[in-house]
Amino acid sequence: MTDATRNVGIVGGGHSRWGVREASYKDLIQEAGKATFEDVPNVTPDDVEGLFVGSVQPERFAFQTHVAPMVSELLGVDVDGMIARTELACASGQAALRYAWLAIAAGEIDTALVLGVEKMNLPRERMGETQASMTNVMDREFDGVNGLNAPPYFAMVAQRHMHEYGTTREQLAQVSAKNKSHAAHNEFAHFQEEVSVDDVVDSFELSPPLCLYDCSGVTDGAAGLVLMSEEKARETTDEIAWITGSGQSCFGGNSVNNLPSMSAWPQATRAAESAYDDAGIDDPLAELDVAEIHDCFSISEILEYEDLGWVEKGAGGQFVADGRSALDGDIGVNPRGGLLGCGHPLGATGVSQALEIYDQFHGRVPDARRVPDPETGLIHNLSGSASVHSVMTLSRGRP
């Protein structure tokens, strides 16, 4: 960001309940929208100048396109400044958040509503459509038709990381046990049950070495945030999460054949370095307190410890084994339960991650999953075949 841009803060937000819901796509939007405006009583739909909706495949899951105007209608928001839907597979929610931040920072608008939503669970007889649709985020013609959807791809990543660095099956399970156990104390999470390492290892083997509990769920859900310029935010509330930096990087495309590595994500490193530079973070391991990172599979979190610049390459497994990503560790990672515990309604995940950082900053979470006195935070998403990585940094005390 340049000196000419304005400071932007998150001033509140809300969730629908996440899980296998009978609620429709529209119902989820209204649940999250209502919760968001109730959380920020000094902001009404009339105050919103920009609306940004993260949603990946409503055309296939809900048979609806042109969804941003529909959200406007359902929530009673008349948009006079900027309106858009963002689609970036699993990073769609963070993309919506990033666009809202940039629009306010540039002075185009002062107040934005960001809403992420996905309705993924179809009637049982149509769940094959959900699985087929998920191959669309990779190269459908070259990879999808050969069955290379997410679990086999991340299984290959795990196999390669284990081969190169000695990462163990137990270390993968420790990631999932940690995050699912956090989700047991999250009222919005899909999965709300304490899970042990043995439970993960003994769960159904899905795509070796990954078992069922190593994988995020097919989840319905929505989440919303209100963003404001510094002047408006300070007039509205004393509880603000300032956005201090952001970065994105993409190379390799959708096809797995063109990815630079099967055991490293240099795109994550580039995106993180950009965000750290914006935020003035020189040593992320020392300067970050809490992080919500993209644990779509247990191996993902281990690679992210490394490629976000927290530990040396190959040391991610030991990082979780040593408790350094626990709530009271070096960085409290995925205290809301991550994707493994909360589920992964694609367009809503990045929005929910940012709301969790806000809630952690202001002590709005149960003690059982609270990070001690966090001042700085980070959210991270990967998307597709991990060819795109998005990172955002946040601060409680300073813009």
# chains A, B, ... in the order shown; residues from 1 in each chain; ligands from 1

$ closest_atom_pairs --of "segment 213-280 of chain A" --to "segment 352-364 of chain A" --cutoff "10 Å" --atoms "only C-alpha atoms" --output "Markdown table"
| residue | atom | partner | partner_atom | distance |
| --- | --- | --- | --- | --- |
| A:Gly221 | CA | A:Ser352 | CA | 9.8 |
| A:Ala222 | CA | A:Ser352 | CA | 8.1 |
| A:Ala223 | CA | A:Ser352 | CA | 5.7 |
| A:Gly224 | CA | A:Ser352 | CA | 7.5 |
| A:Leu225 | CA | A:Leu355 | CA | 6.9 |
| A:Val226 | CA | A:Leu355 | CA | 9.8 |
| A:Asp238 | CA | A:His362 | CA | 9.9 |
| A:Glu239 | CA | A:His362 | CA | 6.7 |
| A:Ile240 | CA | A:Tyr358 | CA | 7.3 |
| A:Ala241 | CA | A:Tyr358 | CA | 5.5 |
| A:Trp242 | CA | A:Tyr358 | CA | 9.0 |
| A:Ile243 | CA | A:Ala354 | CA | 9.8 |

$ write_last_selection --atoms "C-alpha atoms" --output "PDB file, in the first residue's frame"
ATOM      1  CA  GLY A 221     -22.666 -22.002   5.408  1.00  0.00           C
ATOM      2  CA  ALA A 222     -22.289 -18.252   5.155  1.00  0.00           C
ATOM      3  CA  ALA A 223     -20.426 -15.477   6.956  1.00  0.00           C
ATOM      4  CA  GLY A 224     -20.411 -11.685   6.729  1.00  0.00           C
ATOM      5  CA  LEU A 225     -18.188  -8.730   7.654  1.00  0.00           C
ATOM      6  CA  VAL A 226     -18.566  -4.944   7.725  1.00  0.00           C
ATOM      7  CA  ASP A 238     -13.859   0.902  19.672  1.00  0.00           C
ATOM      8  CA  GLU A 239     -13.487  -2.750  18.595  1.00  0.00           C
ATOM      9  CA  ILE A 240     -11.700  -2.752  15.232  1.00  0.00           C
ATOM     10  CA  ALA A 241      -9.428  -5.170  13.395  1.00  0.00           C
ATOM     11  CA  TRP A 242      -7.206  -3.140  11.089  1.00  0.00           C
ATOM     12  CA  ILE A 243      -6.172  -4.638   7.759  1.00  0.00           C
TER      13      ILE A 243
END

$ residues_around --residues "Val388 of chain A" --least-positions-apart "4" --cutoff "7 Å" --atoms "only C-alpha atoms" --output "list of chain:residue names"
A:Ser249, A:Cys250, A:Phe251, A:Gln267, A:Leu382, A:Ser383

$ residues_around --residues "Gly384 of chain A" --least-positions-apart "5" --cutoff "8 Å" --atoms "only C-alpha atoms" --output "list in words"
Ala89, Cys90, Val137, Met138 and Asn254 of chain A

$ select_by_dssp --residues "segment 117-147 of chain A" --states "helix (DSSP H, G or I)" --output "list in words"
Arg124, Glu125, Arg126, Met127, Gly128, Glu129, Thr130, Gln131, Ala132, Ser133, Met134, Thr135, Asn136, Val137, Gly144, Val145 and Asn146 of chain A

$ write_last_selection --atoms "N, CA and C atoms" --output "CSV table (one decimal), in the first residue's frame"
chain,number,residue,atom,x,y,z
A,124,ARG,N,-29.5,-36.4,-1.3
A,124,ARG,CA,-28.6,-37.5,-1.3
A,124,ARG,C,-28.4,-38.1,-2.7
A,125,GLU,N,-29.5,-38.1,-3.5
A,125,GLU,CA,-29.5,-38.7,-4.8
A,125,GLU,C,-28.7,-37.8,-5.8
A,126,ARG,N,-28.4,-36.6,-5.4
A,126,ARG,CA,-27.7,-35.7,-6.3
A,126,ARG,C,-26.3,-35.3,-5.8
A,127,MET,N,-25.8,-36.0,-4.7
A,127,MET,CA,-24.5,-35.6,-4.2
A,127,MET,C,-23.4,-35.9,-5.1
A,128,GLY,N,-23.6,-36.8,-6.1
A,128,GLY,CA,-22.6,-37.0,-7.1
A,128,GLY,C,-22.3,-35.7,-7.9
A,129,GLU,N,-23.4,-34.9,-8.0
A,129,GLU,CA,-23.2,-33.6,-8.7
A,129,GLU,C,-22.2,-32.7,-8.0
A,130,THR,N,-22.3,-32.7,-6.6
A,130,THR,CA,-21.3,-31.9,-5.8
A,130,THR,C,-19.9,-32.4,-6.1
A,131,GLN,N,-19.7,-33.7,-6.0
A,131,GLN,CA,-18.3,-34.3,-6.2
A,131,GLN,C,-17.8,-34.0,-7.6
A,132,ALA,N,-18.7,-34.1,-8.6
A,132,ALA,CA,-18.3,-33.8,-10.0
A,132,ALA,C,-18.0,-32.3,-10.2
A,133,SER,N,-18.7,-31.5,-9.5
A,133,SER,CA,-18.5,-30.0,-9.6
A,133,SER,C,-17.2,-29.6,-9.0
A,134,MET,N,-16.8,-30.3,-8.0
A,134,MET,CA,-15.5,-30.0,-7.3
A,134,MET,C,-14.3,-30.2,-8.2
A,135,THR,N,-14.4,-31.1,-9.2
A,135,THR,CA,-13.3,-31.2,-10.1
A,135,THR,C,-13.1,-30.0,-11.0
A,136,ASN,N,-14.1,-29.1,-11.1
A,136,ASN,CA,-14.0,-28.0,-11.9
A,136,ASN,C,-13.0,-27.0,-11.5
A,137,VAL,N,-12.5,-27.0,-10.2
A,137,VAL,CA,-11.6,-26.1,-9.8
A,137,VAL,C,-10.1,-26.5,-10.2
A,144,GLY,N,-9.3,-33.7,-14.1
A,144,GLY,CA,-10.6,-34.1,-13.5
A,144,GLY,C,-11.1,-35.4,-14.1
A,145,VAL,N,-10.9,-35.6,-15.4
A,145,VAL,CA,-11.5,-36.8,-16.0
A,145,VAL,C,-10.7,-38.0,-15.6
A,146,ASN,N,-9.5,-37.8,-15.0
A,146,ASN,CA,-8.7,-39.0,-14.5
A,146,ASN,C,-8.9,-39.2,-13.0

$ residues_around --residues "Asn381 of chain A" --least-positions-apart "4" --cutoff "8 Å" --atoms "only C-alpha atoms" --output "list in words"
Cys90, Ala91, Gln94, Ile293, His294, Gly350, His389, Ser390 and Val391 of chain A

$ closest_atom_pairs --of "segment 123-181 of chain A" --to "segment 297-309 of chain A" --cutoff "6 Å" --atoms "only C-alpha atoms" --output "Markdown table"
| residue | atom | partner | partner_atom | distance |
| --- | --- | --- | --- | --- |
| A:Ala158 | CA | A:Ile299 | CA | 5.7 |
| A:Leu172 | CA | A:Ser298 | CA | 5.4 |
| A:Val175 | CA | A:Ser298 | CA | 5.7 |
| A:Ser176 | CA | A:Ser298 | CA | 5.8 |

$ decode --residues "segment 2-38 of chain A" --atoms "N, CA and C atoms" --output "PDB file, in the first residue's frame"
ATOM      1  N   THR A   2       0.408   2.298  -0.630  1.00  0.00           N
ATOM      2  CA  THR A   2       1.161   3.539  -0.686  1.00  0.00           C
ATOM      3  C   THR A   2       0.659   4.496   0.379  1.00  0.00           C
ATOM      4  N   ASP A   3       1.386   5.593   0.590  1.00  0.00           N
ATOM      5  CA  ASP A   3       0.997   6.565   1.603  1.00  0.00           C
ATOM      6  C   ASP A   3      -0.323   7.255   1.258  1.00  0.00           C
ATOM      7  N   ALA A   4      -0.730   7.187  -0.015  1.00  0.00           N
ATOM      8  CA  ALA A   4      -1.941   7.883  -0.427  1.00  0.00           C
ATOM      9  C   ALA A   4      -3.210   7.106  -0.084  1.00  0.00           C
ATOM     10  N   THR A   5      -3.077   5.854   0.359  1.00  0.00           N
ATOM     11  CA  THR A   5      -4.259   5.056   0.648  1.00  0.00           C
ATOM     12  C   THR A   5      -4.739   5.281   2.068  1.00  0.00           C
ATOM     13  N   ARG A   6      -5.998   4.915   2.310  1.00  0.00           N
ATOM     14  CA  ARG A   6      -6.610   5.117   3.622  1.00  0.00           C
ATOM     15  C   ARG A   6      -6.583   3.825   4.430  1.00  0.00           C
ATOM     16  N   ASN A   7      -6.573   3.970   5.747  1.00  0.00           N
ATOM     17  CA  ASN A   7      -6.653   2.812   6.627  1.00  0.00           C
ATOM     18  C   ASN A   7      -8.069   2.252   6.611  1.00  0.00           C
ATOM     19  N   VAL A   8      -8.146   0.911   6.729  1.00  0.00           N
ATOM     20  CA  VAL A   8      -9.429   0.215   6.658  1.00  0.00           C
ATOM     21  C   VAL A   8      -9.512  -0.758   7.824  1.00  0.00           C
ATOM     22  N   GLY A   9     -10.685  -0.824   8.456  1.00  0.00           N
ATOM     23  CA  GLY A   9     -10.874  -1.739   9.567  1.00  0.00           C
ATOM     24  C   GLY A   9     -12.131  -2.568   9.432  1.00  0.00           C
ATOM     25  N   ILE A  10     -12.086  -3.769  10.013  1.00  0.00           N
ATOM     26  CA  ILE A  10     -13.270  -4.610  10.176  1.00  0.00           C
ATOM     27  C   ILE A  10     -13.916  -4.212  11.501  1.00  0.00           C
ATOM     28  N   VAL A  11     -15.234  -3.956  11.474  1.00  0.00           N
ATOM     29  CA  VAL A  11     -15.924  -3.488  12.678  1.00  0.00           C
ATOM     30  C   VAL A  11     -16.933  -4.490  13.215  1.00  0.00           C
ATOM     31  N   GLY A  12     -17.022  -5.670  12.608  1.00  0.00           N
ATOM     32  CA  GLY A  12     -17.914  -6.707  13.113  1.00  0.00           C
ATOM     33  C   GLY A  12     -18.348  -7.641  12.014  1.00  0.00           C
ATOM     34  N   GLY A  13     -19.111  -8.654  12.405  1.00  0.00           N
ATOM     35  CA  GLY A  13     -19.573  -9.627  11.430  1.00  0.00           C
ATOM     36  C   GLY A  13     -20.394 -10.716  12.090  1.00  0.00           C
ATOM     37  N   GLY A  14     -20.855 -11.649  11.272  1.00  0.00           N
ATOM     38  CA  GLY A  14     -21.695 -12.727  11.793  1.00  0.00           C
ATOM     39  C   GLY A  14     -21.711 -13.941  10.894  1.00  0.00           C
ATOM     40  N   HIS A  15     -22.203 -15.050  11.439  1.00  0.00           N
ATOM     41  CA  HIS A  15     -22.268 -16.343  10.753  1.00  0.00           C
ATOM     42  C   HIS A  15     -23.705 -16.841  10.647  1.00  0.00           C
ATOM     43  N   SER A  16     -23.932 -17.681   9.668  1.00  0.00           N
ATOM     44  CA  SER A  16     -24.997 -18.664   9.771  1.00  0.00           C
ATOM     45  C   SER A  16     -24.419 -19.854  10.537  1.00  0.00           C
ATOM     46  N   ARG A  17     -25.237 -20.798  10.933  1.00  0.00           N
ATOM     47  CA  ARG A  17     -24.702 -22.061  11.418  1.00  0.00           C
ATOM     48  C   ARG A  17     -24.183 -22.851  10.220  1.00  0.00           C
ATOM     49  N   TRP A  18     -23.062 -23.532  10.399  1.00  0.00           N
ATOM     50  CA  TRP A  18     -22.461 -24.323   9.324  1.00  0.00           C
ATOM     51  C   TRP A  18     -22.745 -25.808   9.533  1.00  0.00           C
ATOM     52  N   GLY A  19     -22.857 -26.540   8.420  1.00  0.00           N
ATOM     53  CA  GLY A  19     -23.076 -27.980   8.500  1.00  0.00           C
ATOM     54  C   GLY A  19     -23.847 -28.479   7.305  1.00  0.00           C
ATOM     55  N   VAL A  20     -24.503 -29.613   7.465  1.00  0.00           N
ATOM     56  CA  VAL A  20     -25.413 -30.139   6.448  1.00  0.00           C
ATOM     57  C   VAL A  20     -26.776 -29.546   6.761  1.00  0.00           C
ATOM     58  N   ARG A  21     -27.157 -28.551   5.992  1.00  0.00           N
ATOM     59  CA  ARG A  21     -28.335 -27.756   6.318  1.00  0.00           C
ATOM     60  C   ARG A  21     -29.472 -28.019   5.338  1.00  0.00           C
ATOM     61  N   GLU A  22     -30.684 -28.018   5.860  1.00  0.00           N
ATOM     62  CA  GLU A  22     -31.848 -28.018   4.985  1.00  0.00           C
ATOM     63  C   GLU A  22     -32.100 -26.622   4.427  1.00  0.00           C
ATOM     64  N   ALA A  23     -31.467 -25.645   5.011  1.00  0.00           N
ATOM     65  CA  ALA A  23     -31.605 -24.259   4.561  1.00  0.00           C
ATOM     66  C   ALA A  23     -31.158 -24.113   3.110  1.00  0.00           C
ATOM     67  N   SER A  24     -31.803 -23.226   2.394  1.00  0.00           N
ATOM     68  CA  SER A  24     -31.452 -22.959   1.000  1.00  0.00           C
ATOM     69  C   SER A  24     -30.290 -21.968   0.931  1.00  0.00           C
ATOM     70  N   TYR A  25     -29.785 -21.764  -0.257  1.00  0.00           N
ATOM     71  CA  TYR A  25     -28.751 -20.748  -0.510  1.00  0.00           C
ATOM     72  C   TYR A  25     -29.230 -19.375  -0.020  1.00  0.00           C
ATOM     73  N   LYS A  26     -30.469 -19.030  -0.336  1.00  0.00           N
ATOM     74  CA  LYS A  26     -31.018 -17.744   0.107  1.00  0.00           C
ATOM     75  C   LYS A  26     -31.148 -17.689   1.626  1.00  0.00           C
ATOM     76  N   ASP A  27     -31.549 -18.798   2.234  1.00  0.00           N
ATOM     77  CA  ASP A  27     -31.671 -18.830   3.690  1.00  0.00           C
ATOM     78  C   ASP A  27     -30.326 -18.541   4.353  1.00  0.00           C
ATOM     79  N   LEU A  28     -29.264 -19.152   3.840  1.00  0.00           N
ATOM     80  CA  LEU A  28     -27.934 -18.965   4.423  1.00  0.00           C
ATOM     81  C   LEU A  28     -27.488 -17.508   4.322  1.00  0.00           C
ATOM     82  N   ILE A  29     -27.760 -16.890   3.175  1.00  0.00           N
ATOM     83  CA  ILE A  29     -27.439 -15.472   2.994  1.00  0.00           C
ATOM     84  C   ILE A  29     -28.144 -14.625   4.048  1.00  0.00           C
ATOM     85  N   GLN A  30     -29.425 -14.882   4.242  1.00  0.00           N
ATOM     86  CA  GLN A  30     -30.196 -14.071   5.180  1.00  0.00           C
ATOM     87  C   GLN A  30     -29.780 -14.321   6.626  1.00  0.00           C
ATOM     88  N   GLU A  31     -29.444 -15.563   6.960  1.00  0.00           N
ATOM     89  CA  GLU A  31     -28.969 -15.855   8.320  1.00  0.00           C
ATOM     90  C   GLU A  31     -27.692 -15.078   8.625  1.00  0.00           C
ATOM     91  N   ALA A  32     -26.719 -15.171   7.714  1.00  0.00           N
ATOM     92  CA  ALA A  32     -25.441 -14.492   7.952  1.00  0.00           C
ATOM     93  C   ALA A  32     -25.596 -12.978   7.886  1.00  0.00           C
ATOM     94  N   GLY A  33     -26.398 -12.492   6.956  1.00  0.00           N
ATOM     95  CA  GLY A  33     -26.612 -11.053   6.853  1.00  0.00           C
ATOM     96  C   GLY A  33     -27.264 -10.490   8.106  1.00  0.00           C
ATOM     97  N   LYS A  34     -28.295 -11.163   8.590  1.00  0.00           N
ATOM     98  CA  LYS A  34     -28.977 -10.722   9.814  1.00  0.00           C
ATOM     99  C   LYS A  34     -27.996 -10.702  10.989  1.00  0.00           C
ATOM    100  N   ALA A  35     -27.201 -11.775  11.124  1.00  0.00           N
ATOM    101  CA  ALA A  35     -26.233 -11.843  12.223  1.00  0.00           C
ATOM    102  C   ALA A  35     -25.190 -10.731  12.120  1.00  0.00           C
ATOM    103  N   THR A  36     -24.804 -10.400  10.916  1.00  0.00           N
ATOM    104  CA  THR A  36     -23.796  -9.359  10.713  1.00  0.00           C
ATOM    105  C   THR A  36     -24.315  -7.990  11.133  1.00  0.00           C
ATOM    106  N   PHE A  37     -25.498  -7.636  10.693  1.00  0.00           N
ATOM    107  CA  PHE A  37     -26.039  -6.324  11.060  1.00  0.00           C
ATOM    108  C   PHE A  37     -26.392  -6.265  12.552  1.00  0.00           C
ATOM    109  N   GLU A  38     -26.789  -7.386  13.140  1.00  0.00           N
ATOM    110  CA  GLU A  38     -27.055  -7.395  14.579  1.00  0.00           C
ATOM    111  C   GLU A  38     -25.773  -7.184  15.374  1.00  0.00           C
TER     112      GLU A  38
END
